[in-house]
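Asks: The following file, run-v7.txt, comprises compact mmCIF, C-alpha atoms:
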```txt
# COMPACT_ATOMS: atom_id res chain seq x y z
CA MET N 105 -20.78 -5.99 18.77
CA VAL N 106 -24.23 -5.75 17.29
CA SER N 107 -25.25 -2.20 16.57
CA ASP N 108 -28.25 -0.68 14.88
CA THR N 109 -28.15 -0.70 11.11
CA SER N 110 -27.96 3.05 10.62
CA ALA N 111 -24.61 4.26 9.33
CA VAL N 112 -22.18 5.66 11.85
CA ARG N 113 -21.28 9.28 11.24
CA ARG N 114 -17.74 10.25 11.98
CA THR N 115 -15.78 13.45 11.81
CA ARG N 116 -13.13 14.02 9.19
CA ASP N 117 -10.41 13.80 11.85
CA GLU N 118 -11.74 10.45 12.98
CA ILE N 119 -11.68 9.18 9.42
CA LEU N 120 -8.11 10.41 8.94
CA ALA N 121 -7.14 8.60 12.15
CA ILE N 122 -8.65 5.38 10.75
CA LEU N 123 -6.67 5.84 7.53
CA ASP N 124 -3.51 6.19 9.63
CA THR N 125 -3.97 2.51 10.50
CA VAL N 126 -4.12 1.35 6.85
CA MET N 127 -0.60 0.30 5.99
CA ASP N 128 0.89 0.07 2.52
CA PRO N 129 0.97 -3.65 1.59
CA GLU N 130 4.45 -3.41 0.08
CA VAL N 131 6.06 -1.05 2.60
CA PRO N 132 4.24 -2.13 5.76
CA VAL N 133 5.93 0.40 8.06
CA LEU N 134 4.18 3.31 6.33
CA SER N 135 0.49 4.12 6.26
CA VAL N 136 -1.29 5.12 3.08
CA ARG N 137 -1.46 8.65 4.47
CA GLU N 138 2.25 8.85 5.25
CA LEU N 139 2.99 7.74 1.69
CA GLY N 140 0.82 10.53 0.33
CA ILE N 141 -1.52 8.11 -1.44
CA VAL N 142 -4.56 9.63 0.32
CA ARG N 143 -5.00 13.12 -1.12
CA ASP N 144 -8.32 14.13 0.42
CA VAL N 145 -11.28 12.89 2.42
CA ARG N 146 -14.81 14.19 2.03
CA ILE N 147 -17.94 13.47 4.03
CA ASP N 148 -20.85 13.71 1.65
CA ALA N 149 -24.38 14.88 2.57
CA ASP N 150 -25.68 11.31 2.64
CA GLY N 151 -23.04 10.31 5.20
CA ALA N 152 -20.94 8.48 2.64
CA VAL N 153 -17.20 8.96 2.81
CA SER N 154 -15.21 9.73 -0.32
CA VAL N 155 -11.49 9.02 -0.19
CA VAL N 156 -9.42 10.62 -2.94
CA VAL N 157 -6.31 8.56 -3.75
CA THR N 158 -3.47 8.80 -6.22
CA PRO N 159 -1.31 5.86 -7.31
CA THR N 160 2.41 6.05 -6.58
CA TYR N 161 3.44 4.44 -9.90
CA SER N 162 1.09 4.24 -12.86
CA GLY N 163 1.51 0.48 -12.94
CA CYS N 164 1.51 -0.05 -9.16
CA PRO N 165 0.08 -3.55 -8.68
CA ALA N 166 -0.81 -2.74 -5.06
CA ILE N 167 -3.27 0.07 -5.76
CA ARG N 168 -6.33 -2.23 -5.88
CA VAL N 169 -5.33 -3.88 -2.62
CA ILE N 170 -4.81 -0.44 -1.08
CA GLU N 171 -8.30 0.63 -2.16
CA GLN N 172 -9.80 -2.55 -0.73
CA ASP N 173 -7.90 -2.07 2.54
CA ILE N 174 -9.19 1.51 2.84
CA GLU N 175 -12.77 0.38 2.20
CA ALA N 176 -12.46 -2.49 4.69
CA ALA N 177 -11.03 -0.26 7.44
CA LEU N 178 -13.83 2.29 7.04
CA HIS N 179 -16.51 -0.41 6.86
CA ASP N 180 -15.10 -1.93 10.06
CA ALA N 181 -15.51 1.48 11.69
CA GLY N 182 -19.18 1.43 10.81
CA ILE N 183 -19.15 3.61 7.74
CA GLU N 184 -21.55 2.05 5.27
CA THR N 185 -20.83 3.79 2.02
CA VAL N 186 -17.24 4.39 0.94
CA ARG N 187 -16.32 5.84 -2.42
CA ILE N 188 -12.79 5.73 -3.77
CA GLU N 189 -11.89 8.43 -6.25
CA THR N 190 -8.61 8.24 -8.16
CA VAL N 191 -6.76 11.36 -9.31
CA TYR N 192 -3.56 11.55 -11.37
CA SER N 193 -2.68 15.19 -10.97
CA PRO N 194 -0.52 16.38 -9.35
CA ALA N 195 1.57 13.29 -10.07
CA TRP N 196 2.59 11.47 -6.89
CA SER N 197 6.00 12.38 -5.59
CA SER N 198 8.17 10.71 -2.97
CA ASP N 199 8.89 14.26 -1.79
CA TRP N 200 5.51 14.11 -0.04
CA ILE N 201 6.75 11.52 2.47
CA PRO N 202 7.27 13.45 5.73
CA ALA N 203 10.39 13.36 7.91
CA GLU N 204 8.93 11.01 10.57
CA ALA N 205 7.96 8.52 7.89
CA ARG N 206 11.44 8.72 6.37
CA ALA N 207 12.89 7.85 9.77
CA LYS N 208 10.61 4.79 9.90
CA LEU N 209 11.80 3.69 6.46
CA LYS N 210 15.44 4.01 7.52
CA ALA N 211 14.83 2.06 10.75
CA TYR N 212 13.18 -0.64 8.59
CA GLY N 213 16.40 -0.87 6.53
CA ILE N 214 15.23 1.06 3.46
CA ALA N 215 17.13 4.19 2.43
CA PRO N 216 14.62 7.06 2.27
CA PRO N 217 14.04 8.64 -1.15
CA ALA N 218 16.34 11.39 -2.37
CA PRO N 219 14.62 14.57 -3.58
CA ALA N 220 12.87 13.95 -6.89
CA ALA N 221 15.03 14.93 -9.86
CA SER N 222 13.89 18.25 -11.23
CA SER N 223 13.55 18.57 -14.98
CA GLY N 224 17.17 19.47 -15.49
CA ASP N 225 19.52 18.49 -18.28
CA LEU N 226 18.47 15.08 -19.52
CA VAL N 227 22.03 14.22 -20.63
CA GLN N 228 23.19 14.71 -17.02
CA LEU N 229 20.43 12.37 -15.85
CA LEU N 230 22.46 9.57 -17.41
CA ARG N 231 25.87 10.86 -16.37
CA VAL N 232 25.61 11.46 -12.63
CA PRO N 233 25.69 8.19 -10.68
CA ARG N 234 23.39 8.01 -7.67
CA THR N 235 24.92 7.23 -4.27
CA PRO N 236 22.10 6.73 -1.76
CA GLN N 237 23.00 6.98 1.91
CA CYS N 238 23.34 3.56 3.51
CA PRO N 239 20.52 3.10 6.06
CA TYR N 240 22.80 0.97 8.28
CA CYS N 241 26.04 2.98 8.54
CA ASP N 242 25.07 6.30 6.89
CA SER N 243 27.93 6.05 4.40
CA ARG N 244 27.67 7.65 0.96
CA ASP N 245 30.26 5.25 -0.44
CA THR N 246 27.51 3.26 -2.13
CA GLU N 247 26.35 2.23 -5.55
CA VAL N 248 23.04 1.38 -7.18
CA ARG N 249 23.25 -2.23 -8.33
CA SER N 250 19.84 -2.36 -9.98
CA GLU N 251 17.19 0.30 -10.56
CA PHE N 252 14.55 -2.28 -9.60
CA GLY N 253 14.24 -4.26 -6.41
CA SER N 254 11.62 -6.35 -4.67
CA THR N 255 8.98 -3.77 -5.63
CA ALA N 256 8.77 -1.15 -8.38
CA CYS N 257 9.38 1.65 -5.88
CA LYS N 258 12.76 0.37 -4.68
CA SER N 259 16.29 0.01 -6.07
CA ILE N 260 18.91 -2.50 -4.97
CA CYS N 261 22.10 -0.90 -3.64
CA TRP N 262 25.42 -1.90 -2.15
CA CYS N 263 27.35 -0.18 0.62
CA ARG N 264 31.13 -0.35 0.21
CA SER N 265 31.73 0.83 3.79
CA CYS N 266 29.77 -1.76 5.75
CA ARG N 267 29.61 -4.22 2.84
CA GLN N 268 25.85 -4.63 3.09
CA PRO N 269 23.26 -4.76 0.35
CA PHE N 270 20.28 -2.48 1.01
CA GLU N 271 17.18 -1.17 -0.70
CA GLU N 272 16.48 2.44 -1.55
CA PHE N 273 13.05 3.99 -1.98
CA LYS N 274 13.30 5.69 -5.37
CA GLY N 275 12.95 9.44 -5.46
CA ILE N 276 10.41 10.33 -8.11
CA MET W 82 -6.49 40.63 -39.22
CA THR W 83 -3.57 42.48 -37.64
CA SER W 84 -0.97 39.95 -36.67
CA PRO W 85 -1.12 36.17 -36.88
CA SER W 86 -0.21 35.89 -33.21
CA VAL W 87 -3.42 37.50 -31.99
CA VAL W 88 -5.75 35.57 -34.26
CA PRO W 89 -7.32 32.82 -32.18
CA THR W 90 -6.55 29.56 -33.91
CA PRO W 91 -9.46 27.15 -34.01
CA ALA W 92 -9.03 24.11 -31.83
CA PRO W 93 -7.70 21.04 -33.66
CA PRO W 94 -10.34 18.40 -34.38
CA PRO W 95 -10.89 16.08 -31.39
CA HIS W 96 -9.93 13.20 -33.64
CA ASP W 97 -6.33 14.45 -33.72
CA GLU W 98 -6.08 14.29 -29.95
CA PHE W 99 -7.63 10.81 -29.98
CA GLU W 100 -4.95 9.75 -32.49
CA LEU W 101 -2.19 11.24 -30.33
CA LEU W 102 -3.43 9.40 -27.25
CA LEU W 103 -3.55 6.13 -29.22
CA ARG W 104 0.07 6.69 -30.30
CA LEU W 105 1.19 7.31 -26.73
CA GLY W 106 -0.87 4.43 -25.36
CA ASP W 107 -0.08 1.90 -28.09
CA ASP W 108 3.69 2.50 -27.93
CA ARG W 109 3.56 1.61 -24.25
CA LEU W 110 1.08 -1.24 -24.53
CA VAL W 111 3.04 -3.01 -27.27
CA LEU W 112 6.48 -2.44 -25.72
CA GLY W 113 5.14 -3.45 -22.30
CA HIS W 114 3.88 -6.70 -23.82
CA ARG W 115 7.23 -7.34 -25.52
CA LEU W 116 9.06 -6.84 -22.21
CA SER W 117 6.64 -9.13 -20.41
CA GLU W 118 7.81 -11.91 -22.76
CA TRP W 119 11.12 -11.82 -20.85
CA CYS W 120 9.44 -12.66 -17.55
CA GLY W 121 11.15 -15.81 -16.26
CA HIS W 122 13.74 -15.74 -19.08
CA ALA W 123 16.04 -12.79 -18.37
CA PRO W 124 19.78 -13.50 -17.97
CA ILE W 125 19.90 -12.63 -14.26
CA LEU W 126 17.28 -12.37 -11.53
CA GLU W 127 17.64 -8.58 -11.11
CA GLU W 128 17.02 -8.12 -14.83
CA ASP W 129 14.01 -10.39 -14.78
CA ILE W 130 12.58 -8.15 -12.09
CA ALA W 131 13.68 -4.97 -13.85
CA LEU W 132 12.17 -5.82 -17.24
CA ALA W 133 8.93 -6.96 -15.61
CA ASN W 134 8.78 -3.73 -13.61
CA VAL W 135 9.36 -1.56 -16.68
CA ALA W 136 6.65 -3.57 -18.45
CA LEU W 137 4.31 -2.90 -15.53
CA ASP W 138 4.97 0.84 -15.62
CA LEU W 139 4.44 0.92 -19.40
CA LEU W 140 1.17 -1.00 -19.09
CA GLY W 141 0.07 1.42 -16.36
CA GLN W 142 0.88 4.38 -18.58
CA ALA W 143 -0.88 2.74 -21.54
CA THR W 144 -3.97 2.33 -19.36
CA LEU W 145 -3.98 6.05 -18.55
CA PHE W 146 -3.47 7.20 -22.15
CA LEU W 147 -5.96 4.74 -23.65
CA HIS W 148 -8.56 5.52 -20.99
CA ARG W 149 -8.28 9.19 -21.91
CA ALA W 150 -8.43 8.28 -25.62
CA GLY W 151 -11.70 6.46 -25.02
CA ASP W 152 -13.10 9.48 -23.15
CA ILE W 153 -12.22 11.82 -25.99
CA GLU W 154 -13.58 9.48 -28.63
CA GLY W 155 -16.87 9.41 -26.72
CA LYS W 156 -18.09 6.11 -28.13
CA GLY W 157 -18.04 4.22 -24.87
CA ARG W 158 -14.76 2.38 -25.49
CA ASP W 159 -12.61 2.01 -22.39
CA GLU W 160 -8.92 1.10 -22.23
CA ASP W 161 -9.68 -2.63 -22.36
CA ALA W 162 -11.90 -2.27 -25.43
CA LEU W 163 -9.13 -0.32 -27.15
CA ALA W 164 -6.39 -2.76 -26.13
CA TYR W 165 -8.17 -6.03 -26.84
CA PHE W 166 -10.69 -5.35 -29.56
CA ARG W 167 -8.80 -3.43 -32.22
CA GLU W 168 -7.09 -5.03 -35.22
CA ALA W 169 -3.41 -4.49 -36.06
CA ILE W 170 -4.30 -1.87 -38.69
CA GLU W 171 -5.98 0.21 -35.98
CA PHE W 172 -2.90 0.27 -33.75
CA ARG W 173 -0.85 3.48 -33.82
CA ASN W 174 2.40 2.36 -32.17
CA CYS W 175 5.74 3.01 -33.86
CA LEU W 176 7.49 0.12 -35.61
CA LEU W 177 10.42 0.18 -33.15
CA VAL W 178 8.42 -1.14 -30.20
CA GLU W 179 6.84 -4.08 -32.03
CA GLN W 180 10.16 -5.59 -33.13
CA PRO W 181 10.71 -9.03 -31.57
CA ASN W 182 12.94 -9.20 -28.49
CA GLY W 183 15.93 -10.86 -30.15
CA ASP W 184 18.77 -11.38 -27.68
CA PHE W 185 19.20 -9.39 -24.46
CA ALA W 186 21.36 -6.77 -26.21
CA PHE W 187 18.68 -6.24 -28.84
CA THR W 188 16.00 -5.77 -26.18
CA ILE W 189 18.20 -3.29 -24.31
CA ALA W 190 19.08 -1.28 -27.44
CA ARG W 191 15.41 -1.11 -28.45
CA GLN W 192 14.51 -0.05 -24.91
CA PHE W 193 17.22 2.59 -24.76
CA LEU W 194 16.19 4.19 -28.07
CA PHE W 195 12.57 4.24 -26.89
CA ASP W 196 13.32 5.42 -23.33
CA VAL W 197 15.31 8.42 -24.57
CA HIS W 198 12.47 9.23 -26.96
CA ALA W 199 10.04 8.93 -24.04
CA VAL W 200 11.87 11.33 -21.72
CA VAL W 201 12.38 13.89 -24.47
CA THR W 202 8.79 13.84 -25.75
CA LEU W 203 7.14 13.59 -22.31
CA ASP W 204 9.32 16.42 -21.01
CA ALA W 205 7.89 18.57 -23.83
CA LEU W 206 4.35 17.22 -23.48
CA VAL W 207 4.23 18.42 -19.87
CA ARG W 208 3.77 21.91 -21.37
CA SER W 209 0.76 20.83 -23.45
CA LYS W 210 -2.18 23.23 -23.45
CA ARG W 211 -4.38 20.25 -22.61
CA ALA W 212 -4.18 20.03 -18.83
CA GLU W 213 -5.26 16.35 -18.70
CA LEU W 214 -2.62 15.39 -21.23
CA ALA W 215 0.06 17.41 -19.42
CA ALA W 216 -0.84 15.65 -16.14
CA LEU W 217 -0.50 12.18 -17.68
CA ALA W 218 2.80 13.19 -19.27
CA ALA W 219 4.12 14.48 -15.94
CA LYS W 220 3.28 11.18 -14.26
CA SER W 221 4.83 9.09 -17.04
CA LEU W 222 7.95 11.26 -17.22
CA LYS W 223 8.89 10.44 -13.62
CA GLU W 224 8.94 6.76 -14.55
CA ALA W 225 10.61 7.27 -17.93
CA LYS W 226 13.53 8.90 -16.12
CA TYR W 227 14.45 5.79 -14.19
CA HIS W 228 13.67 3.60 -17.19
CA VAL W 229 16.30 5.44 -19.22
CA ARG W 230 18.81 5.19 -16.36
CA HIS W 231 18.25 1.43 -16.44
CA SER W 232 18.59 0.94 -20.20
CA GLY W 233 21.39 3.55 -20.44
CA GLU W 234 23.42 1.72 -17.78
CA TRP W 235 23.04 -1.51 -19.72
CA MET W 236 24.15 0.14 -22.97
CA LEU W 237 27.37 1.10 -21.15
CA LYS W 238 27.83 -2.35 -19.58
CA LEU W 239 27.25 -4.20 -22.84
CA GLY W 240 29.05 -1.77 -25.16
CA ASP W 241 32.07 -1.42 -22.89
CA GLY W 242 31.93 -5.06 -21.76
CA THR W 243 33.27 -8.11 -23.56
CA ASP W 244 33.94 -8.40 -27.28
CA GLU W 245 30.82 -10.46 -27.65
CA SER W 246 28.54 -8.11 -25.71
CA HIS W 247 29.98 -5.17 -27.66
CA GLN W 248 29.35 -6.86 -31.00
CA ARG W 249 25.84 -7.89 -30.06
CA VAL W 250 24.72 -4.45 -28.90
CA GLN W 251 26.40 -2.75 -31.89
CA HIS W 252 24.59 -5.13 -34.21
CA ALA W 253 21.30 -4.35 -32.44
CA LEU W 254 21.88 -0.62 -32.76
CA ASP W 255 22.70 -0.96 -36.47
CA ASP W 256 19.60 -3.06 -37.04
CA LEU W 257 17.21 -0.84 -35.07
CA TRP W 258 18.44 2.52 -36.34
CA ARG W 259 16.17 2.41 -39.38
CA PHE W 260 13.14 2.56 -37.08
CA THR W 261 14.20 5.78 -35.34
CA PRO W 262 13.29 8.43 -37.99
CA GLU W 263 9.64 7.46 -37.58
CA LEU W 264 9.75 8.66 -33.97
CA PHE W 265 10.21 12.27 -35.10
CA VAL W 266 8.08 12.50 -38.22
CA ALA W 267 5.36 15.13 -38.05
CA ASP W 268 2.50 13.83 -40.15
CA GLY W 269 -0.76 15.78 -40.47
CA VAL W 270 -1.99 14.86 -37.00
CA ALA W 271 1.29 15.70 -35.24
CA ALA W 272 1.77 18.92 -37.20
CA ARG W 273 -1.74 20.21 -36.43
CA LEU W 274 -1.40 19.37 -32.73
CA ALA W 275 1.98 21.14 -32.59
CA VAL W 276 0.54 24.30 -34.15
CA HIS W 277 -2.13 24.37 -31.46
CA GLY W 278 0.27 23.72 -28.60
CA VAL W 279 -1.36 20.41 -27.74
CA ALA W 280 1.73 18.34 -28.57
CA PRO W 281 5.40 19.17 -29.16
CA ASP W 282 6.92 19.78 -32.58
CA LEU W 283 8.45 16.33 -33.08
CA PRO W 284 11.17 17.13 -35.67
CA ALA W 285 12.48 19.86 -33.34
CA LEU W 286 12.99 17.25 -30.58
CA ARG W 287 15.25 14.99 -32.61
CA PRO W 288 18.51 16.90 -31.91
CA GLN W 289 17.93 16.59 -28.15
CA TRP W 290 17.19 12.88 -28.53
CA GLU W 291 20.28 12.36 -30.63
CA ALA W 292 22.49 14.28 -28.19
CA ILE W 293 21.49 11.97 -25.32
CA VAL W 294 21.80 8.83 -27.46
CA ARG W 295 25.19 9.95 -28.80
CA ASP W 296 26.51 10.70 -25.31
CA VAL W 297 25.75 7.18 -24.11
CA VAL W 298 26.79 5.47 -27.35
CA ASP W 299 30.17 7.25 -27.27
CA ARG W 300 30.81 6.36 -23.64
CA ALA W 301 29.79 2.77 -24.39
CA THR W 302 32.54 2.70 -27.08
CA LEU W 303 29.86 2.01 -29.68
CA THR W 304 29.37 3.66 -33.05
CA LEU W 305 26.30 5.64 -33.95
CA PRO W 306 24.93 4.13 -37.17
CA HIS W 307 24.91 6.24 -40.31
CA GLU W 308 21.65 7.43 -41.70
CA SER W 309 21.10 4.88 -44.44
CA MET W 310 19.00 5.27 -47.54
CA HIS W 311 16.70 2.64 -46.13
CA SER W 312 16.09 4.60 -42.98
CA ALA W 313 13.40 6.50 -44.83
CA HIS W 314 10.76 4.15 -43.54
CA LEU W 315 8.44 2.84 -46.17
CA ARG W 316 5.59 2.37 -43.79
CA SER W 317 4.49 3.99 -40.60
CA GLY W 318 2.99 2.42 -37.55
CA ARG W 319 1.37 5.77 -36.84
CA ALA W 320 -0.81 5.21 -39.91
CA GLY W 321 -1.56 1.60 -38.99
CA MET W 322 0.97 0.10 -41.41
CA HIS W 323 2.88 -2.37 -39.29
CA SER W 324 5.44 -5.12 -39.68
CA GLU W 325 4.15 -8.69 -39.62
CA HIS W 326 5.33 -8.98 -36.02
CA LEU W 327 2.49 -6.94 -34.54
CA GLY W 328 -0.22 -9.35 -35.64
CA HIS W 329 1.46 -12.25 -33.83
CA LEU W 330 1.91 -10.16 -30.70
CA LEU W 331 -1.73 -9.06 -30.72
CA ALA W 332 -2.96 -12.61 -31.27
CA GLU W 333 -1.32 -13.65 -28.03
CA MET W 334 -2.25 -10.49 -26.15
CA GLN W 335 -5.89 -10.47 -27.19
CA ILE W 336 -6.90 -14.13 -27.28
CA VAL W 337 -8.15 -14.44 -23.70
CA ALA W 338 -10.20 -11.24 -23.81
CA ARG W 339 -11.68 -12.21 -27.19
CA SER W 340 -12.41 -15.81 -26.20
CA HIS W 341 -14.14 -14.76 -22.99
CA PRO W 342 -15.52 -11.25 -23.54
CA GLY W 343 -16.43 -9.51 -20.31
CA ALA W 344 -14.90 -12.26 -18.16
CA LYS W 345 -13.96 -11.24 -14.61
CA TRP W 346 -11.47 -12.89 -12.31
```
Take the structure in this file and express it as structure tokens.

Replies:
Amino acid sequence: MVSDTSAVRRTRDEILAILDTVMDPEVPVLSVRELGIVRDVRIDADGAVSVVVTPTYSGCPAIRVIEQDIEAALHDAGIETVRIETVYSPAWSSDWIPAEARAKLKAYGIAPPAPAASSGDLVQLLRVPRTPQCPYCDSRDTEVRSEFGSTACKSICWCRSCRQPFEEFKGI
Amino acid sequence: MTSPSVVPTPAPPPHDEFELLLRLGDDRLVLGHRLSEWCGHAPILEEDIALANVALDLLGQATLFLHRAGDIEGKGRDEDALAYFREAIEFRNCLLVEQPNGDFAFTIARQFLFDVHAVVTLDALVRSKRAELAALAAKSLKEAKYHVRHSGEWMLKLGDGTDESHQRVQHALDDLWRFTPELFVADGVAARLAVHGVAPDLPALRPQWEAIVRDVVDRATLTLPHESMHSAHLRSGRAGMHSEHLGHLLAEMQIVARSHPGAKW
């Protein structure tokens, strides 16, 4: 559709709704908002939209793609000027993923993240084995086979009950 | 002057904080590069992925620390300028991380010693009086915690595995032990930053580091090496005095950026 060249002005709620449609490239069942990557949205005086994002992992290879996807979605909605601002504090936590999004992860076959380890005894960190709940049969009779899976944010696990391998979203 | 505690201490020179950020960034940049050398060569697929992922995290952390270093220096150098256009003598990484990969056991032992150091020092750095530094430490600490679970698990598997894996990882530990005192030496920079609450008191962290290392080493049926006379390191990476290995690593890491300055792809 051909429209006039002036920038479209949208409300903050409308912009948030657009961001709900931008999915994470590596976990495509969750949007960048559900993952907690989008920290804030501002509409500046000149009509430009500033999106404040935080990377999940400091070396996340997807963060540039995520930024491009956000820009593209807002441009498609007629917003001319989009600014991406990156913040590192507070550090991203998987605890920010809400319950509905966790249910989506589980339905997708990925065990949702356990609560992030608090800064407890560091010796215990290496002593207590993790047993994520199997997303298929809900058993806790599981083991972590490798701390790293198909992406940096996931571990590879094995369920002894239903004898299925599965992935777990790491709790950080 | 009434009591030393109420006398406001002058801020440490900005150069000290720049040096600290280079140490944090360079440790991670150099170790990340070493780990990336395993890409496509690790003994099993999961490990290939794991080592590459740890490398990626370390490079991400290096980017954050070096970016901040460039800001504090205020001479317009960004993280790429610091990574690609400094000479070996300007690097501030510890000697441990620049040691060549050796066999898989050697890489794991090196990683384990570093990862425990990382969780202990970052856990303390989170309480830095510099909010920006504390924020970067908090972010890195989350990752260091699963890094140490990874390398710690492998110490157990290799140490308590076959005779050969046990011998190889014990040999690696014996060989690498001489590089560990450097991790906890408080030179002028570190001591001044500790006094001002910018960075932790490094010598005070060593017992915690050793407790974690000892716990895993014991369970892995390995033997903690004795402090040898030679462990008093003759040079320090923190002062830019490196082993010959760093120059070779940098040559490979920097050649593309130096051959094509400013190239974009």

Asks: Considering all atoms listed in the file, state which residue in the set W:Asp138, W:Glu245, W:Asp268, W:Asp196 is at the smallest distance from Ile293 of chain W.

Replies: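 Using all atoms listed in the file, Ile293 of chain W sits closest to W:Asp196.
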
Asks: Could you please determine the separation between atom CA of Cys263 of chain N and atom CA of Arg231 of chain N in Å, to one decimal place?

Replies: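 For atom CA of Cys263 of chain N relative to atom CA of Arg231 of chain N, the distance reads 20.3 Å.
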
Asks: Interatomic distance between atom CA of Glu204 of chain N and atom CA of Arg267 of chain N?

Replies: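 Separation of atom CA of Glu204 of chain N and atom CA of Arg267 of chain N: 26.8 Å.
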
Asks: Please identify all residues of chain W having at least one atom at most 9 Å from any atom of chain N, considering only C-alpha atoms, and return them as a PyMOL selection string.

Replies: chain W and resi 127-128+130-132+134-142+144-145+197+200-201+204+213+216-217+219-221+223-224+226-231+233-234+289+292-294+296-297

Asks: Give me the residues within 9 Å of Met127 of chain N as a CSV table (one decimal) with C-alpha atoms, in the coordinates of the input, counting all atoms listed in the file and dropping any in the same chain fewer than 5 places off.

Replies:
```csv
chain,number,residue,atom,x,y,z
N,132,PRO,CA,4.2,-2.1,5.8
N,133,VAL,CA,5.9,0.4,8.1
N,134,LEU,CA,4.2,3.3,6.3
N,135,SER,CA,0.5,4.1,6.3
N,136,VAL,CA,-1.3,5.1,3.1
N,137,ARG,CA,-1.5,8.6,4.5
N,170,ILE,CA,-4.8,-0.4,-1.1
N,173,ASP,CA,-7.9,-2.1,2.5
```

Asks: Using all atoms listed in the file for the distances, tell me which of N:Ile122, N:Ala207, N:Ala149, N:Cys238 is nearest to Phe270 of chain N.

Replies: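 Counting all atoms listed in the file, the residue closest to Phe270 of chain N is N:Cys238.
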
Asks: Smallest atom-to-atom distance to Ile119 of chain N: which of N:Gly213, N:Leu178, N:Val186, N:Ile141, using only C-alpha atoms?

Replies: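 Result for the nearest residue to Ile119 of chain N: N:Leu178.
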
Asks: Find the residues around segment 338-344 of chain W up to 9 Å (all atoms listed in the file counted), leave out those fewer than 2 positions away in its own chain, and share them as a list in words.

Replies: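 Selected residues are Asp161, Tyr165, Phe166, Met334, Gln335, Ile336 and Trp346 of chain W.
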
Asks: Rounded to one decimal, what separation in Å do you get between atom CA of Leu102 of chain W and atom CA of Leu163 of chain W?

Replies: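 So the answer is 11.3 Å.
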
Asks: Give as JSON, numbers by chain each residue that has an atom at most 7 Å from (-0.6, 2.9, -25.0) in the file, counting only C-alpha atoms.

Replies: {"W": [103, 104, 105, 106, 107, 108, 109, 110, 142, 143, 144, 146, 147]}

Asks: Neighbouring residues of His307 of chain W were defined as those with any atom within 12 Å, considering all atoms listed in the file; residues of the same chain fewer than 5 positions away were excluded. Please report them as a list in words.

Replies: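 My reading of the contact set: Leu254, Asp255, Asp256, Leu257, Trp258, Arg259, Thr261 and Ser312 of chain W.
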
Asks: Could those selected residues go to a file with C-alpha atoms, as a CSV table (one decimal), in the coordinates of the input?

Replies:
```csv
chain,number,residue,atom,x,y,z
W,254,LEU,CA,21.9,-0.6,-32.8
W,255,ASP,CA,22.7,-1.0,-36.5
W,256,ASP,CA,19.6,-3.1,-37.0
W,257,LEU,CA,17.2,-0.8,-35.1
W,258,TRP,CA,18.4,2.5,-36.3
W,259,ARG,CA,16.2,2.4,-39.4
W,261,THR,CA,14.2,5.8,-35.3
W,312,SER,CA,16.1,4.6,-43.0
```

Asks: Near Asp148 of chain N, counting only C-alpha atoms, which residues have an atom at most 12 Å away, once you skip same-chain residues fewer than 4 positions from it, shown as a PyMOL selection string?

Replies: chain N and resi 113-116+152-155+183+185-187

Asks: Tell me which of W:Leu116, W:Val111, W:Ala92, W:Ile170 sits closest to Ala275 of chain W, counting only C-alpha atoms.

Replies: W:Ala92
